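Peer 1: One file is attached below, final-v7.txt, containing compact mmCIF, C-alpha atoms.
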# COMPACT_ATOMS: atom_id res chain seq x y z
CA MET A 1 143.20 51.25 62.17
CA GLU A 2 145.31 50.25 65.15
CA THR A 3 147.91 52.86 64.19
CA SER A 4 145.22 55.54 63.98
CA LEU A 5 143.89 54.58 67.41
CA ILE A 6 147.37 54.76 68.91
CA MET A 7 147.92 58.20 67.41
CA VAL A 8 144.64 59.51 68.81
CA VAL A 9 145.42 58.07 72.25
CA CYS A 10 148.83 59.77 72.21
CA LEU A 11 147.26 63.10 71.22
CA VAL A 12 144.64 62.83 73.99
CA LEU A 13 147.36 62.18 76.56
CA LEU A 14 149.36 65.11 75.15
CA LEU A 15 146.28 67.30 75.69
CA ALA A 16 146.04 66.03 79.28
CA TRP A 17 149.71 66.93 79.80
CA ALA A 18 149.20 70.41 78.32
CA ASN A 19 146.10 70.88 80.45
CA GLY A 20 148.06 70.09 83.60
CA ALA A 21 150.84 72.46 82.60
CA ASN A 22 148.46 75.34 81.90
CA ASP A 23 145.76 74.77 84.52
CA MET A 24 147.48 73.30 87.57
CA SER A 25 148.30 76.73 88.96
CA LYS A 26 144.70 78.00 88.90
CA GLY A 27 143.87 76.64 92.34
CA VAL A 28 147.12 77.41 94.13
CA ALA A 29 148.22 80.75 92.65
CA THR A 30 146.87 82.66 95.67
CA LEU A 31 148.96 80.48 98.01
CA MET A 32 152.14 81.55 96.25
CA GLY A 33 151.03 85.11 95.47
CA SER A 34 150.18 85.83 99.11
CA GLY A 35 153.50 84.46 100.34
CA THR A 36 151.83 81.58 102.16
CA THR A 37 154.09 79.01 100.51
CA SER A 38 156.65 78.45 97.74
CA ALA A 39 155.92 77.64 94.11
CA LYS A 40 157.13 74.04 94.50
CA LYS A 41 154.92 73.29 97.49
CA ALA A 42 151.95 75.02 95.87
CA LEU A 43 152.27 72.92 92.70
CA ILE A 44 152.62 69.69 94.68
CA TRP A 45 149.51 70.51 96.70
CA GLY A 46 147.59 71.41 93.55
CA THR A 47 148.71 68.20 91.84
CA VAL A 48 147.61 65.96 94.69
CA CYS A 49 144.19 67.59 94.96
CA THR A 50 143.70 67.63 91.17
CA ALA A 51 144.49 63.91 91.03
CA LEU A 52 141.91 63.26 93.75
CA GLY A 53 139.33 65.23 91.77
CA GLY A 54 140.19 63.31 88.61
CA LEU A 55 139.77 59.97 90.39
CA THR A 56 136.42 61.12 91.77
CA ALA A 57 135.35 61.85 88.18
CA VAL A 58 135.05 58.09 87.66
CA THR A 59 131.73 58.29 89.52
CA TRP A 60 130.83 62.01 89.40
CA GLY A 61 131.97 62.91 85.90
CA ALA A 62 129.49 60.90 83.82
CA ALA A 63 127.45 63.96 82.87
CA LEU A 64 130.49 65.81 81.50
CA VAL A 65 131.68 62.72 79.62
CA LYS A 66 128.26 62.54 77.95
CA THR A 67 128.31 66.27 77.16
CA PHE A 68 131.66 66.17 75.40
CA SER A 69 131.07 62.80 73.75
CA ARG A 70 128.06 63.58 71.56
CA ALA A 71 126.03 66.53 72.91
CA PHE A 72 127.54 69.03 70.45
CA LEU A 73 127.31 66.84 67.33
CA VAL A 74 124.29 65.58 65.42
CA SER A 75 123.30 62.00 66.12
CA ASP A 76 124.48 60.68 62.76
CA PHE A 77 127.80 62.55 62.74
CA PRO A 78 130.53 60.25 61.36
CA ILE A 79 133.00 59.95 64.26
CA SER A 80 136.35 58.87 62.83
CA TYR A 81 139.97 58.77 63.90
CA ASP A 82 140.70 61.57 61.44
CA PHE A 83 138.06 63.77 63.13
CA LEU A 84 139.26 62.99 66.66
CA GLY A 85 142.89 63.44 65.66
CA SER A 86 142.18 66.83 64.10
CA THR A 87 140.29 67.92 67.22
CA MET A 88 143.20 66.93 69.44
CA VAL A 89 145.79 68.62 67.24
CA GLY A 90 143.90 71.91 67.40
CA ALA A 91 143.47 71.88 71.18
CA CYS A 92 146.98 70.57 71.92
CA LEU A 93 148.76 73.00 69.64
CA TRP A 94 147.04 76.04 71.12
CA LEU A 95 147.54 74.90 74.74
CA VAL A 96 151.23 74.20 74.20
CA ILE A 97 151.77 77.64 72.63
CA ALA A 98 149.80 79.41 75.40
CA THR A 99 151.64 77.58 78.17
CA ARG A 100 155.00 78.35 76.62
CA VAL A 101 154.33 82.10 76.67
CA GLY A 102 152.65 81.99 80.09
CA TRP A 103 149.03 82.62 79.03
CA PRO A 104 146.42 81.03 81.33
CA VAL A 105 143.88 79.90 78.73
CA SER A 106 140.88 77.61 79.00
CA THR A 107 141.23 73.98 77.99
CA THR A 108 137.44 73.82 77.74
CA HIS A 109 137.43 76.69 75.24
CA ALA A 110 140.29 75.15 73.27
CA LEU A 111 138.60 71.75 73.16
CA LEU A 112 135.25 73.24 72.15
CA GLY A 113 136.84 75.42 69.46
CA SER A 114 138.82 72.55 67.97
CA LEU A 115 135.75 70.26 68.06
CA VAL A 116 133.73 72.83 66.13
CA GLY A 117 136.58 73.56 63.72
CA ALA A 118 137.16 69.89 62.92
CA ALA A 119 133.42 69.27 62.48
CA LEU A 120 133.08 72.21 60.10
CA ALA A 121 136.01 70.95 58.05
CA GLU A 122 134.60 67.39 57.97
CA VAL A 123 130.91 67.89 57.13
CA GLY A 124 130.07 71.59 57.50
CA PRO A 125 127.69 73.40 59.90
CA GLU A 126 124.97 70.76 59.50
CA GLY A 127 127.05 68.42 61.64
CA LEU A 128 126.78 70.66 64.72
CA ARG A 129 124.03 71.15 67.26
CA THR A 130 124.36 74.89 67.47
CA ALA A 131 121.62 75.30 70.08
CA ALA A 132 123.33 72.79 72.39
CA ILE A 133 126.71 74.47 71.89
CA ALA A 134 125.26 77.85 72.78
CA LYS A 135 123.25 76.61 75.77
CA LYS A 136 125.55 73.98 77.28
CA ALA A 137 128.95 75.50 76.48
CA LEU A 138 129.12 79.10 75.34
CA LEU A 139 126.59 80.49 77.83
CA PRO A 140 128.17 78.87 80.93
CA LEU A 141 131.65 79.80 79.72
CA LEU A 142 130.63 83.43 79.28
CA LEU A 143 128.61 83.78 82.48
CA SER A 144 130.83 81.85 84.91
CA PRO A 145 133.61 84.52 85.13
CA LEU A 146 131.01 87.22 85.84
CA ILE A 147 129.38 85.09 88.51
CA ALA A 148 132.81 84.46 90.02
CA VAL A 149 133.48 88.20 90.22
CA PHE A 150 130.24 88.79 92.14
CA ILE A 151 130.75 85.80 94.45
CA CYS A 152 134.32 86.76 95.30
CA THR A 153 133.43 90.41 95.83
CA GLY A 154 130.54 89.42 98.09
CA ILE A 155 132.62 86.99 100.17
CA LEU A 156 135.47 89.47 100.48
CA SER A 157 133.18 92.34 101.52
CA LEU A 158 131.35 90.15 104.03
CA SER A 159 134.58 88.78 105.53
CA ARG A 160 136.03 92.26 105.92
CA PHE A 161 132.84 93.51 107.55
CA MET A 162 132.99 90.62 110.01
CA THR A 163 136.70 91.01 110.79
CA SER A 164 136.24 94.72 111.39
CA ARG A 165 134.00 93.71 114.30
CA VAL A 166 136.59 91.37 115.83
CA PRO A 167 137.87 93.03 119.04
CA LEU A 168 141.45 91.83 118.66
CA ARG A 169 143.17 94.91 117.31
CA GLN A 170 146.15 96.18 119.27
CA ILE A 171 147.41 99.74 119.51
CA ASP A 172 150.86 98.74 118.29
CA CYS A 173 149.50 96.62 115.43
CA ASN A 174 150.33 97.75 111.91
CA GLU A 175 147.15 98.77 110.06
CA PRO A 176 147.88 97.02 106.71
CA ALA A 177 148.93 93.87 108.54
CA TRP A 178 145.72 93.84 110.54
CA GLN A 179 143.62 94.30 107.39
CA VAL A 180 145.32 91.30 105.78
CA ASN A 181 144.88 89.07 108.82
CA PRO A 182 143.00 90.34 111.89
CA TYR A 183 144.65 87.67 114.02
CA ARG A 184 148.23 88.55 113.10
CA CYS A 185 148.60 90.85 116.11
CA VAL A 186 147.23 88.34 118.58
CA THR A 187 149.59 87.21 121.32
CA GLU A 188 149.19 84.49 123.90
CA LYS A 189 149.86 87.03 126.63
CA THR A 190 147.03 89.36 125.62
CA HIS A 191 144.40 86.91 124.38
CA GLY A 192 145.28 83.47 125.71
CA LYS A 193 146.12 80.20 123.97
CA TYR A 194 142.82 79.95 122.07
CA TYR A 195 143.23 83.15 120.09
CA ARG A 196 146.89 82.40 119.54
CA ARG A 197 145.87 79.42 117.41
CA LEU A 198 143.64 81.47 115.13
CA PRO A 199 146.40 82.63 112.73
CA HIS A 200 147.19 78.96 112.03
CA LEU A 201 143.50 78.28 111.40
CA TRP A 202 143.41 81.21 108.96
CA GLU A 203 146.34 79.76 107.02
CA ALA A 204 144.89 76.24 107.08
CA LEU A 205 141.64 77.49 105.56
CA HIS A 206 143.63 79.12 102.74
CA TRP A 207 145.37 75.83 102.00
CA LEU A 208 142.07 73.95 102.05
CA SER A 209 140.43 76.47 99.71
CA GLY A 210 143.28 76.08 97.21
CA GLY A 211 142.95 72.33 97.46
CA ALA A 212 139.19 72.58 96.89
CA ILE A 213 139.73 74.48 93.61
CA SER A 214 142.28 71.94 92.42
CA PHE A 215 139.93 69.09 93.33
CA ALA A 216 137.07 70.80 91.48
CA ARG A 217 139.32 71.41 88.46
CA GLY A 218 140.24 67.74 88.24
CA LEU A 219 136.59 66.78 88.60
CA ASN A 220 135.56 69.18 85.81
CA ASP A 221 138.47 68.83 83.35
CA VAL A 222 139.33 65.13 83.41
CA PRO A 223 135.95 63.92 82.02
CA LYS A 224 136.12 66.40 79.11
CA ILE A 225 139.44 64.98 77.91
CA ALA A 226 138.62 61.37 78.81
CA ALA A 227 135.48 61.65 76.65
CA ILE A 228 137.64 61.91 73.52
CA LEU A 229 139.56 58.80 74.54
CA ILE A 230 136.32 56.92 75.15
CA MET A 231 135.03 57.98 71.72
CA ALA A 232 138.25 56.71 70.11
CA PHE A 233 137.85 53.25 71.60
CA GLY A 234 134.16 53.26 70.71
CA ILE A 235 134.88 53.55 66.98
CA MET A 236 136.44 50.09 66.85
CA PRO A 237 135.37 48.28 70.04
CA GLU A 238 136.82 45.01 68.74
CA LEU A 239 140.32 46.48 69.17
CA THR A 240 139.99 46.43 72.95
CA PRO A 241 139.06 43.52 75.23
CA PHE A 242 137.48 45.87 77.78
CA ASP A 243 133.80 46.66 78.15
CA HIS A 244 132.48 50.24 78.19
CA GLN A 245 132.71 50.74 81.95
CA ASP A 246 136.30 49.49 82.08
CA THR A 247 137.16 51.81 79.20
CA VAL A 248 135.66 54.79 81.08
CA ILE A 249 137.62 53.96 84.22
CA GLY A 250 140.85 53.35 82.31
CA ALA A 251 140.52 56.57 80.29
CA THR A 252 139.81 58.61 83.43
CA LEU A 253 142.79 57.16 85.30
CA ALA A 254 145.16 57.68 82.36
CA VAL A 255 144.11 61.30 81.83
CA THR A 256 144.37 62.02 85.56
CA LEU A 257 147.90 60.65 85.89
CA VAL A 258 149.23 62.40 82.78
CA MET A 259 147.53 65.67 83.75
CA ALA A 260 149.17 65.53 87.18
CA ALA A 261 152.58 64.89 85.63
CA GLY A 262 152.16 67.83 83.23
CA GLY A 263 151.32 70.18 86.09
CA LEU A 264 154.35 69.17 88.14
CA TRP A 265 156.71 69.38 85.18
CA ASN A 266 155.57 72.57 83.43
CA GLY A 267 153.16 74.40 85.73
CA TYR A 268 155.53 77.15 86.87
CA HIS A 269 155.19 79.51 83.87
CA VAL A 270 151.47 80.19 84.30
CA LEU A 271 151.74 80.09 88.10
CA GLN A 272 154.06 83.11 88.02
CA VAL A 273 151.57 85.12 85.96
CA LEU A 274 148.54 84.38 88.13
CA ALA A 275 150.39 84.77 91.41
CA HIS A 276 151.98 88.15 90.69
CA LYS A 277 150.60 89.80 87.54
CA VAL A 278 146.82 90.04 87.98
CA VAL A 279 146.35 91.58 91.44
CA PRO A 280 148.34 91.79 94.70
CA ILE A 281 147.06 88.91 96.82
CA ALA A 282 146.77 88.88 100.60
CA PRO A 283 145.98 85.64 102.48
CA ALA A 284 142.46 86.83 103.36
CA SER A 285 141.76 87.89 99.77
CA GLY A 286 143.15 84.61 98.42
CA LEU A 287 140.89 82.65 100.76
CA ALA A 288 137.83 84.56 99.52
CA ALA A 289 138.78 84.09 95.84
CA ASN A 290 139.44 80.37 96.28
CA THR A 291 136.17 79.82 98.13
CA GLY A 292 134.11 81.44 95.38
CA THR A 293 135.93 79.56 92.62
CA SER A 294 135.65 76.14 94.24
CA LEU A 295 131.93 76.58 95.02
CA LEU A 296 131.12 77.50 91.41
CA VAL A 297 133.16 74.73 89.74
CA LEU A 298 132.03 72.05 92.19
CA ALA A 299 128.39 72.98 91.59
CA ALA A 300 128.80 72.81 87.81
CA SER A 301 130.57 69.46 87.45
CA PRO A 302 127.83 67.01 88.55
CA LEU A 303 125.34 68.91 86.36
CA GLY A 304 127.47 68.41 83.25
CA ILE A 305 128.06 72.15 82.82
CA PRO A 306 131.53 72.66 81.27
CA VAL A 307 132.67 75.82 83.07
CA SER A 308 136.27 76.92 82.72
CA THR A 309 138.31 76.83 85.93
CA THR A 310 140.64 79.32 84.26
CA HIS A 311 137.89 81.86 83.67
CA VAL A 312 136.31 81.33 87.08
CA SER A 313 139.58 81.61 89.02
CA ILE A 314 140.70 84.74 87.16
CA GLY A 315 137.20 86.15 87.58
CA SER A 316 137.66 85.70 91.32
CA LEU A 317 141.04 87.43 91.20
CA PHE A 318 139.41 90.28 89.32
CA GLY A 319 136.87 90.43 92.13
CA ILE A 320 139.77 91.12 94.52
CA ARG A 321 141.01 93.79 92.14
CA LEU A 322 137.63 95.52 92.06
CA THR A 323 137.27 95.39 95.83
CA ASP A 324 140.81 96.56 96.66
CA LYS A 325 141.18 98.91 93.65
CA THR A 326 144.81 97.81 93.23
CA VAL A 327 147.00 96.67 90.35
CA PRO A 328 150.12 94.48 90.53
CA ASP A 329 153.62 95.95 90.73
CA GLN A 330 155.28 93.39 88.44
CA GLY A 331 153.32 94.23 85.29
CA ASP A 332 149.60 93.97 84.61
CA ALA A 333 148.81 90.81 82.61
CA LEU A 334 145.03 91.20 82.65
CA ARG A 335 144.75 92.65 79.12
CA THR A 336 146.96 89.91 77.73
CA ILE A 337 144.86 87.27 79.49
CA LEU A 338 141.62 88.73 78.12
CA PHE A 339 143.13 88.80 74.62
CA ALA A 340 144.15 85.14 74.96
CA TRP A 341 140.60 84.28 76.03
CA LEU A 342 139.11 85.99 72.99
CA ILE A 343 141.30 84.21 70.46
CA THR A 344 141.28 80.73 72.05
CA LEU A 345 138.08 79.51 70.37
CA PRO A 346 138.85 80.73 66.82
CA VAL A 347 142.56 79.85 66.91
CA ALA A 348 141.98 76.32 68.23
CA GLY A 349 139.21 75.89 65.65
CA PHE A 350 141.51 77.08 62.85
CA PHE A 351 144.27 74.70 63.92
CA ALA A 352 141.81 71.79 64.01
CA ALA A 353 140.35 72.65 60.60
CA ALA A 354 143.84 72.97 59.13
CA ALA A 355 144.81 69.61 60.63
CA SER A 356 141.68 68.04 59.15
CA GLY A 357 142.58 69.36 55.72
CA LEU A 358 146.14 68.03 55.99
CA ILE A 359 144.98 64.62 57.19
Translate the structure described by the file into structure tokens.

Peer 2:
Amino acid sequence: METSLIMVVCLVLLLAWANGANDMSKGVATLMGSGTTSAKKALIWGTVCTALGGLTAVTWGAALVKTFSRAFLVSDFPISYDFLGSTMVGACLWLVIATRVGWPVSTTHALLGSLVGAALAEVGPEGLRTAAIAKKALLPLLLSPLIAVFICTGILSLSRFMTSRVPLRQIDCNEPAWQVNPYRCVTEKTHGKYYRRLPHLWEALHWLSGGAISFARGLNDVPKIAAILIMAFGIMPELTPFDHQDTVIGATLAVTLVMAAGGLWNGYHVLQVLAHKVVPIAPASGLAANTGTSLLVLAASPLGIPVSTTHVSIGSLFGIRLTDKTVPDQGDALRTILFAWLITLPVAGFFAAAASGLI
């Protein structure tokens, strides 16, 4: 039994690593894509803010831990190390493959698909709460990208309407440059010291919005993965000297640290795709997209709604694309991303079911 527990713990931490590698870029892609900063600095900023969100999940993530612990399974479902191990194999295998080829997929989708696949292989459809899966997982996962598109489009349209009324435009100011940042053409000579500081404020807000998404991602993703670790220790509580609350804290801290390390080590592949191959990103557009994404994910986490930061952030980028009517110059990855979204649930479920059969 101790060997089985160790194997499940290692698989959970591997999933946390893969999650960091695939998801760390979601909050900071606009910082790199708009030329605000380099890939290295963007990943460091995203890692720090994600870690803060993960630590906050100790107190704010209880609802999501409960959701992913038992909400999708019937009350008498036989939780075993074989079941948890199969679930982790399915999610880990798909995330590692997707990260390797640069596909920004949803860890939430992968985890849900593998959970369903392993449960079907173990006991069949009678072991699942299909109504809860549809209401608490599939519906939010399907609707959140659409909501993100509307929020981002609304924020972007409103901000551009407001900036068009700012009387700071100069005759010698380049039109595209002014549209990107209405304060770019401001000089201390023409507008004084106060207005000269506004470009720096614009950039600071962009950094803060990227940090807010990363914080929200940590707050939303860490409890989902930590829930599996908590379930593993709950099978044989005599194997650990810690009580339930200590186990929750320890699982959350472990997942947070490993997730942060995975993002720093392997986050560049997906960052390149989101920064350059979905839509051309200007600082003002990136700020609007980040604001919409962070608001949606932060609102969902305390309610226990497992939205996908991947889907929400790319939905926001698509909102920029709809508003600007532009496509990237370096190759359009949107179709590939949508294809990866469609196959994540069934592929992760197949891997988990196959692992269950092998075990």

Peer 1: Rank A:Thr30, A:Ser38, A:Asn19, A:Ser285 by their smallest atom-to-atom distance to Thr323 (chain A), using only C-alpha atoms, and report the top residue only.

Peer 2: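 Checking each candidate against Thr323 (chain A), we get A:Ser285 as the closest.
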
Peer 1: How many Å lie between CA of Ser114 (chain A) and CA of Ala91 (chain A), rounded to one decimal?

Peer 2: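 CA of Ser114 (chain A) sits 5.7 Å away from CA of Ala91 (chain A).
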
Peer 1: For region 315-326 of chain A, take all atoms listed in the file, fit an axis-aligned box around them, add 4 Å to each of the six sides, then output centre and edge lengths in Å rounded to one decimal, as JSON.

Peer 2:
{"center_x": 140.8, "center_y": 92.3, "center_z": 92.1, "size_x": 15.9, "size_y": 21.2, "size_z": 17.1}

Peer 1: Taking only C-alpha atoms into account, which of A:Leu142, A:Ile337, A:Leu205, A:Ala71 comes nearest Leu128 (chain A)?

Peer 2: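 Distance minimum relative to Leu128 (chain A) lands on A:Ala71.
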
Peer 1: What does the distance from CA of Asp221 (chain A) to CA of Ala118 (chain A) come to in Å, to one decimal?

Peer 2: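 Distance between the two atoms: 20.5 Å.
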
Peer 1: Using only C-alpha atoms for the distances, tell me which of A:Leu295, A:Val270, A:Ala29, A:Leu358 is nearest to Ile97 (chain A).

Peer 2: A:Val270

Peer 1: For each of A:Trp94, A:Phe72, A:Trp45, A:Phe77, take the minimum atom-to-atom distance to Ala18 (chain A), counting only C-alpha atoms, then give the residue where this is smallest.

Peer 2: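 Selected residue with least distance to Ala18 (chain A): A:Trp94.
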
Peer 1: Could you check the closest approach to Gly54 (chain A) for each of A:Gly154, A:Gly35, A:Gly20, A:Pro223 and tell me which residue wins, using all atoms listed in the file?

Peer 2: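 Counting all atoms listed in the file, the residue closest to Gly54 (chain A) is A:Pro223.
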
Peer 1: Out of A:Ala288, A:Ile155, A:Val255, A:Leu55, which residue has the shortest atom-to-atom distance to Ala216 (chain A) when counting only C-alpha atoms?

Peer 2: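 Checking each candidate against Ala216 (chain A), we get A:Leu55 as the closest.
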
Peer 1: Within 10 Å of Gly117 (chain A), counting only C-alpha atoms, which residues show up once you throw out same-chain ones fewer than 6 positions away? Write them as a ChimeraX atom specification, please.

Peer 2: /A:83,86-87,90,111,124-125,345-356

Peer 1: Hey, could you make a per-residue contact list for region 2-81 of chain A against region 227-234 of chain A with 9 Å as the cut-off, showing the nearest pair of atoms and its distance in Å to one decimal, counting all atoms listed in the file, sorted by chain and number, as JSON lines?

Peer 2:
{"residue": "A:Leu5", "atom": "CA", "partner": "A:Ala232", "partner_atom": "CA", "distance": 6.6}
{"residue": "A:Val8", "atom": "CA", "partner": "A:Ala232", "partner_atom": "CA", "distance": 7.1}
{"residue": "A:Val9", "atom": "CA", "partner": "A:Leu229", "partner_atom": "CA", "distance": 6.3}
{"residue": "A:Val12", "atom": "CA", "partner": "A:Leu229", "partner_atom": "CA", "distance": 6.5}
{"residue": "A:Leu13", "atom": "CA", "partner": "A:Leu229", "partner_atom": "CA", "distance": 8.7}
{"residue": "A:Leu64", "atom": "CA", "partner": "A:Ala227", "partner_atom": "CA", "distance": 8.1}
{"residue": "A:Val65", "atom": "CA", "partner": "A:Ala227", "partner_atom": "CA", "distance": 4.9}
{"residue": "A:Lys66", "atom": "CA", "partner": "A:Ala227", "partner_atom": "CA", "distance": 7.4}
{"residue": "A:Thr67", "atom": "CA", "partner": "A:Ala227", "partner_atom": "CA", "distance": 8.5}
{"residue": "A:Phe68", "atom": "CA", "partner": "A:Ala227", "partner_atom": "CA", "distance": 6.0}
{"residue": "A:Ser69", "atom": "CA", "partner": "A:Ala227", "partner_atom": "CA", "distance": 5.4}
{"residue": "A:Arg70", "atom": "CA", "partner": "A:Met231", "partner_atom": "CA", "distance": 8.9}
{"residue": "A:Ile79", "atom": "CA", "partner": "A:Met231", "partner_atom": "CA", "distance": 8.0}
{"residue": "A:Ser80", "atom": "CA", "partner": "A:Ala232", "partner_atom": "CA", "distance": 7.8}
{"residue": "A:Tyr81", "atom": "CA", "partner": "A:Ala232", "partner_atom": "CA", "distance": 6.8}

Peer 1: Write the residues of the preceding selection, restricted to C-alpha atoms, as an mmCIF file, in the frame of the given file.

Peer 2:
data_model
loop_
_atom_site.group_PDB
_atom_site.id
_atom_site.type_symbol
_atom_site.label_atom_id
_atom_site.label_comp_id
_atom_site.auth_asym_id
_atom_site.auth_seq_id
_atom_site.Cartn_x
_atom_site.Cartn_y
_atom_site.Cartn_z
ATOM 1 C CA LEU A 5 143.890 54.580 67.410
ATOM 2 C CA VAL A 8 144.640 59.510 68.810
ATOM 3 C CA VAL A 9 145.420 58.070 72.250
ATOM 4 C CA VAL A 12 144.640 62.830 73.990
ATOM 5 C CA LEU A 13 147.360 62.180 76.560
ATOM 6 C CA LEU A 64 130.490 65.810 81.500
ATOM 7 C CA VAL A 65 131.680 62.720 79.620
ATOM 8 C CA LYS A 66 128.260 62.540 77.950
ATOM 9 C CA THR A 67 128.310 66.270 77.160
ATOM 10 C CA PHE A 68 131.660 66.170 75.400
ATOM 11 C CA SER A 69 131.070 62.800 73.750
ATOM 12 C CA ARG A 70 128.060 63.580 71.560
ATOM 13 C CA ILE A 79 133.000 59.950 64.260
ATOM 14 C CA SER A 80 136.350 58.870 62.830
ATOM 15 C CA TYR A 81 139.970 58.770 63.900
#
